[in-house]
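File shown: my_file-v2.txt. Contents: compact mmCIF, C-alpha atoms.
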```
# COMPACT_ATOMS: atom_id res chain seq x y z
CA MET A 1 -146.52 63.31 66.26
CA LYS A 2 -147.28 59.62 66.47
CA ALA A 3 -149.58 57.84 64.05
CA ASP A 4 -152.74 56.31 65.42
CA ALA A 5 -153.83 52.71 64.88
CA GLN A 6 -155.91 53.57 61.80
CA GLN A 7 -153.02 55.38 60.13
CA ILE A 8 -150.65 52.50 60.86
CA LEU A 9 -153.13 50.07 59.35
CA THR A 10 -153.37 52.25 56.24
CA PHE A 11 -149.58 52.29 55.97
CA MET A 12 -149.48 48.51 56.28
CA ILE A 13 -152.16 47.96 53.64
CA THR A 14 -150.38 50.32 51.24
CA GLU A 15 -147.06 48.55 51.78
CA HIS A 16 -148.75 45.16 51.37
CA SER A 17 -150.12 46.22 48.00
CA ALA A 18 -146.74 47.59 46.89
CA LEU A 19 -145.00 44.36 47.89
CA GLN A 20 -147.48 42.27 45.92
CA THR A 21 -146.79 44.39 42.86
CA ALA A 22 -143.04 44.08 43.40
CA ARG A 23 -143.35 40.29 43.65
CA GLY A 24 -145.19 40.25 40.35
CA SER A 25 -142.36 42.24 38.78
CA THR A 26 -139.70 39.77 39.94
CA ILE A 27 -141.69 36.84 38.54
CA PHE A 28 -142.21 38.69 35.25
CA GLU A 29 -138.48 39.42 34.92
CA ALA A 30 -137.47 35.86 35.77
CA ASN A 31 -139.92 34.42 33.24
CA GLY A 32 -138.78 36.89 30.58
CA ARG A 33 -135.10 36.13 31.03
CA THR A 34 -135.68 32.39 31.10
CA THR A 35 -137.82 32.53 27.96
CA LEU A 36 -135.12 34.53 26.17
CA TYR A 37 -132.47 32.02 27.22
CA LEU A 38 -134.42 28.94 26.18
CA SER A 39 -135.39 30.59 22.89
CA SER A 40 -131.71 31.29 22.21
CA VAL A 41 -130.81 27.68 22.95
CA SER A 42 -133.60 26.37 20.72
CA SER A 43 -132.69 28.63 17.79
CA ALA A 44 -128.99 27.85 18.15
CA LEU A 45 -129.57 24.11 18.13
CA VAL A 46 -131.69 24.40 14.98
CA ALA A 47 -128.87 26.35 13.33
CA LEU A 48 -126.34 23.77 14.52
CA ALA A 49 -128.42 20.94 13.07
CA PHE A 50 -128.61 22.79 9.75
CA VAL A 51 -124.84 23.32 9.67
CA GLY A 52 -124.30 19.66 10.59
CA GLN A 53 -126.53 18.54 7.74
CA MET A 54 -124.84 20.80 5.21
CA SER A 55 -121.30 19.88 6.31
CA GLU A 56 -122.11 16.21 6.88
CA MET A 57 -120.92 16.55 10.50
CA GLY A 58 -117.49 17.73 9.35
CA GLN A 59 -115.10 20.37 10.55
CA ALA A 60 -117.54 23.21 9.90
CA PHE A 61 -119.97 21.54 12.31
CA LEU A 62 -117.35 21.23 15.04
CA LEU A 63 -116.09 24.78 14.54
CA PHE A 64 -119.61 26.19 14.66
CA GLY A 65 -120.39 24.18 17.79
CA LEU A 66 -117.19 25.26 19.53
CA LEU A 67 -118.12 28.88 18.92
CA LEU A 68 -121.81 28.45 19.68
CA PHE A 69 -121.86 26.53 22.97
CA PRO A 70 -119.59 28.89 24.97
CA THR A 71 -121.86 31.77 23.93
CA LEU A 72 -124.96 29.89 25.03
CA PHE A 73 -123.26 28.89 28.27
CA PHE A 74 -122.43 32.54 29.01
CA ILE A 75 -126.04 33.57 28.36
CA GLY A 76 -127.18 30.72 30.60
CA LEU A 77 -124.75 31.66 33.35
CA VAL A 78 -125.88 35.29 33.57
CA THR A 79 -129.49 34.13 33.33
CA PHE A 80 -128.92 31.72 36.20
CA VAL A 81 -127.40 34.42 38.41
CA ARG A 82 -130.08 36.96 37.62
CA VAL A 83 -133.08 34.67 38.13
CA LEU A 84 -131.49 33.61 41.42
CA GLU A 85 -131.24 37.27 42.42
CA THR A 86 -134.90 37.84 41.56
CA ALA A 87 -135.84 34.75 43.60
CA LEU A 88 -133.98 36.15 46.62
CA GLU A 89 -135.66 39.50 46.07
CA ASP A 90 -139.04 37.80 45.90
CA MET A 91 -138.22 35.93 49.12
CA ARG A 92 -137.64 39.21 50.98
CA TYR A 93 -140.96 40.57 49.70
CA ALA A 94 -142.75 37.39 50.77
CA LEU A 95 -141.30 37.52 54.28
CA GLU A 96 -142.24 41.18 54.64
CA ILE A 97 -145.79 40.37 53.59
CA ASN A 98 -145.84 37.65 56.25
CA ARG A 99 -144.84 40.26 58.84
CA ILE A 100 -147.63 42.56 57.74
CA ARG A 101 -150.08 39.68 57.88
CA HIS A 102 -148.86 38.99 61.40
CA TYR A 103 -149.66 42.59 62.31
CA TYR A 104 -153.21 42.05 61.07
CA THR A 105 -153.57 39.15 63.49
CA GLU A 106 -152.13 41.29 66.30
CA ILE A 107 -154.74 44.00 65.96
CA ALA A 108 -157.52 41.51 65.19
CA PRO A 109 -156.63 38.06 66.63
CA GLN A 110 -159.97 36.65 65.51
CA MET A 111 -158.79 36.99 61.89
CA ALA A 112 -155.97 34.47 62.29
CA ARG A 113 -158.18 31.48 61.55
CA TYR A 114 -159.21 32.99 58.22
CA PHE A 115 -155.64 33.21 56.86
CA LEU A 116 -154.29 30.26 54.90
CA GLN A 117 -151.03 32.08 54.18
CA SER A 118 -148.32 32.05 56.83
CA THR A 119 -147.82 34.86 59.34
CA HIS A 120 -144.23 33.80 60.19
CA ASP A 121 -141.15 35.46 58.72
CA ASP A 122 -138.67 32.57 58.69
CA MET A 123 -137.76 30.01 56.04
CA ARG A 124 -140.45 27.59 57.13
CA GLY A 125 -143.05 30.33 57.06
CA MET A 126 -142.05 31.29 53.54
CA GLN A 127 -142.06 27.68 52.36
CA GLU A 128 -145.53 27.12 53.77
CA GLY A 129 -146.77 30.34 52.19
CA LEU A 130 -145.42 29.39 48.76
CA GLY A 131 -146.67 25.82 48.96
CA MET A 132 -143.20 24.23 48.81
CA VAL A 133 -143.68 20.49 49.19
CA LEU A 134 -140.02 19.41 48.89
CA PRO A 135 -138.02 21.68 51.22
CA ARG A 136 -134.78 19.71 50.78
CA GLY A 137 -135.06 19.43 47.01
CA GLN A 138 -136.66 22.79 46.35
CA LEU A 139 -133.55 24.18 44.65
CA TRP A 140 -134.15 21.74 41.79
CA LEU A 141 -137.65 23.13 41.29
CA THR A 142 -136.70 26.79 41.05
CA THR A 143 -136.23 28.66 37.78
CA ALA A 144 -132.54 28.97 38.59
CA GLY A 145 -132.38 25.21 39.15
CA MET A 146 -133.95 24.52 35.76
CA VAL A 147 -131.55 26.93 34.03
CA SER A 148 -128.60 25.30 35.79
CA VAL A 149 -129.48 21.88 34.34
CA VAL A 150 -129.84 23.21 30.78
CA ASN A 151 -126.64 25.19 31.19
CA SER A 152 -124.80 22.09 32.42
CA VAL A 153 -125.98 20.09 29.42
CA LEU A 154 -124.57 22.77 27.10
CA LEU A 155 -121.25 22.72 28.95
CA GLY A 156 -121.09 18.93 28.80
CA VAL A 157 -121.72 18.94 25.05
CA PHE A 158 -119.11 21.66 24.56
CA VAL A 159 -116.44 19.65 26.42
CA SER A 160 -117.31 16.56 24.37
CA MET A 161 -117.00 18.47 21.11
CA LEU A 162 -113.73 20.06 22.28
CA VAL A 163 -112.22 16.67 23.02
CA THR A 164 -113.46 15.27 19.72
CA ALA A 165 -111.95 18.18 17.79
CA PHE A 166 -108.45 18.00 19.27
CA ILE A 167 -107.96 14.51 20.68
CA GLU A 168 -108.44 11.17 18.96
CA THR A 169 -110.21 8.95 21.47
CA SER A 170 -113.12 6.53 21.72
CA ILE A 171 -116.73 7.65 21.78
CA GLY A 172 -117.11 6.10 25.22
CA ILE A 173 -114.48 8.37 26.73
CA VAL A 174 -116.00 11.39 25.01
CA ILE A 175 -119.42 10.58 26.44
CA ALA A 176 -117.95 9.93 29.89
CA LEU A 177 -116.20 13.30 29.90
CA GLY A 178 -119.43 15.01 28.86
CA VAL A 179 -121.40 13.30 31.63
CA VAL A 180 -118.77 14.11 34.27
CA THR A 181 -118.73 17.74 33.15
CA PHE A 182 -122.53 17.86 33.35
CA VAL A 183 -122.62 16.41 36.88
CA VAL A 184 -119.86 18.70 38.18
CA SER A 185 -121.54 21.73 36.63
CA VAL A 186 -124.92 20.90 38.16
CA LEU A 187 -123.32 20.42 41.58
CA LEU A 188 -121.47 23.74 41.34
CA HIS A 189 -124.62 25.58 40.25
CA THR A 190 -126.57 23.99 43.09
CA ARG A 191 -123.92 24.83 45.66
CA TYR A 192 -123.81 28.44 44.49
CA GLN A 193 -127.58 28.66 44.76
CA ARG A 194 -127.66 27.06 48.22
CA VAL A 195 -124.95 29.38 49.57
CA ALA A 196 -126.78 32.41 48.16
CA TRP A 197 -130.01 31.38 49.89
CA GLU A 198 -128.24 30.71 53.18
CA LYS A 199 -126.49 34.09 53.12
CA ALA A 200 -129.75 35.86 52.27
CA MET A 201 -131.60 34.17 55.12
CA GLN A 202 -128.82 34.94 57.58
CA GLN A 203 -129.25 38.64 56.84
CA ILE A 204 -132.89 38.50 57.94
CA LYS A 205 -133.61 38.10 61.63
CA PRO A 206 -137.07 36.56 62.08
CA LEU A 207 -139.36 38.61 64.30
CA PHE A 208 -142.20 36.08 64.24
CA PRO A 209 -140.64 32.60 63.73
CA SER A 210 -142.71 29.50 63.21
CA PRO A 211 -143.66 27.71 66.47
CA SER A 212 -141.36 24.73 65.89
CA THR A 213 -138.32 26.95 65.22
CA ARG A 214 -138.93 29.42 68.03
CA GLU A 215 -136.22 29.35 70.70
```
In structure tokens, how does this file's structure come out?
Amino acid sequence: MKADAQQILTFMITEHSALQTARGSTIFEANGRTTLYLSSVSSALVALAFVGQMSEMGQAFLLFGLLLFPTLFFIGLVTFVRVLETALEDMRYALEINRIRHYYTEIAPQMARYFLQSTHDDMRGMQEGLGMVLPRGQLWLTTAGMVSVVNSVLLGVFVSMLVTAFIETSIGIVIALGVVTFVVSVLLHTRYQRVAWEKAMQQIKPLFPSPSTRE
């Protein structure tokens, strides 16, 4: 028994609603995890400042920092990976919604001019639908991108404190090592994020590509 056009439309509308709810859930989880991470960083830095004041920036301060920053970095790393996963999940939902919207225009072509959201299920269609204005630099604007920068700062500070604790050297070298660590960490985070997006997009074959990308 085949479904008629009205039943198919009902199925599509139901799925559209479910996908919108699912997208809201991914955003809620990403915001929650990011808030927890940033709150942990903020509280830890306040505690570190208190220890530094009490110990007059002595050994207790260095020891506390050497224990604290790896923990924060681990929390940041798992937060980065998870918010990236939720972003990829949200991307799949967005592309599926674009396909459903395309179906609406197939059964009622006159509706196409009323849609501001994209009806194409490729990367460009998703970017247009989400209002991405910097396609090449979009990774820096994502939640995962923001977490990666904060995480890299923590790693840079940790390396600087580690060098200070065990090696007698000038402050300039310590700062340089911290900056280099920060830059390398940001680049590695960004590369990981870019590869993850590329792999995710390769797994999805566009059915309704944007006009300029259509073969």
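CA of Arg82 (chain A) is positioned 14.6 Å from CA of Leu38 (chain A).
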Calculated over all atoms listed in the file, which of the candidates A:Glu168, A:Val157, A:Ala18, A:Trp197 has the smallest distance to Leu45 (chain A)?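 Going through A:Glu168, A:Val157, A:Ala18, A:Trp197 one by one, the smallest distance to Leu45 (chain A) is for A:Val157.
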Select, from A:Met126, A:Val163, A:Val149, A:Leu154, the residue with the minimum atom-to-atom distance to Tyr93 (chain A), counting only C-alpha atoms. A:Met126
Smallest atom-to-atom distance to Thr105 (chain A): which of A:Val174, A:Leu67, A:Thr119, A:Arg92, using all atoms listed in the file?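 Smallest separation from Thr105 (chain A) among the options: A:Thr119.
The gap separating CA of Ser148 (chain A) from CA of Phe50 (chain A) is 26.2 Å, in Å to one decimal.
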Who sits within 8 Å of Thr181 (chain A), all atoms listed in the file, same chain under 5 positions skipped, as a count of residues only: 4
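Across the model, the gap from CA of Asp121 (chain A) to CA of His102 (chain A) is 8.9 Å.
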From the options A:Leu207, A:Val183, A:Ile13, A:Val81, which residue's atoms come nearest to Arg101 (chain A), counting all atoms listed in the file?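 Of A:Leu207, A:Val183, A:Ile13, A:Val81, the one nearest Arg101 (chain A) is A:Ile13, counting all atoms listed in the file.
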For each of A:Val41, A:Leu162, A:Met146, A:Met111, take the minimum atom-to-atom distance to Ile175 (chain A), counting all atoms listed in the file, then give the residue where this is smallest.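 For Ile175 (chain A), the nearest of the candidates is A:Leu162.
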For a quick check of understanding, using only C-alpha atoms, which of A:Phe115, A:Arg191, A:Tyr104, A:Ala144 has the smallest distance to Leu88 (chain A)?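 Smallest distance to Leu88 (chain A) is found for A:Ala144.
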Can you pull out the residues contacting region 136-143 of chain A? Cut-off 8 Å, using all atoms listed in the file, and skip same-chain residues under 6 positions away; I want them as a list in words.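 These residues fall inside the cut-off: Ala30, Thr34, Val83, Leu84, Thr190, Gln193 and Arg194 of chain A.
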Tell me which protein, DNA and RNA residues are within 12 Å of Glu29 (chain A), counting all atoms listed in the file, leaving out same-chain ones fewer than 6 positions away, and put them as a count of residues only. 14
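Protein and nucleic acid residues near (-121.2, 23.9, 18.4) are Ala44, Leu45, Leu48, Phe61, Leu62, Leu63, Phe64, Gly65, Leu66, Leu67, Leu68, Phe69, Pro70, Val157, Phe158 and Met161 of chain A, the criterion being any atom at most 9 Å away using all atoms listed in the file.
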Save out the residues we just selected, C-alpha atoms, as a CSV table (one decimal), keeping the file's coordinate frame.
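Written out: result06.csv:
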```
chain,number,residue,atom,x,y,z
A,44,ALA,CA,-129.0,27.8,18.2
A,45,LEU,CA,-129.6,24.1,18.1
A,48,LEU,CA,-126.3,23.8,14.5
A,61,PHE,CA,-120.0,21.5,12.3
A,62,LEU,CA,-117.4,21.2,15.0
A,63,LEU,CA,-116.1,24.8,14.5
A,64,PHE,CA,-119.6,26.2,14.7
A,65,GLY,CA,-120.4,24.2,17.8
A,66,LEU,CA,-117.2,25.3,19.5
A,67,LEU,CA,-118.1,28.9,18.9
A,68,LEU,CA,-121.8,28.4,19.7
A,69,PHE,CA,-121.9,26.5,23.0
A,70,PRO,CA,-119.6,28.9,25.0
A,157,VAL,CA,-121.7,18.9,25.0
A,158,PHE,CA,-119.1,21.7,24.6
A,161,MET,CA,-117.0,18.5,21.1
```
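Omitting Pro206 (chain A) and its sequence neighbours fewer than 4 positions away, and counting all atoms listed in the file, the residues within 9 Å are Leu95, His120, Asp121, Asp122 and Met123 of chain A.
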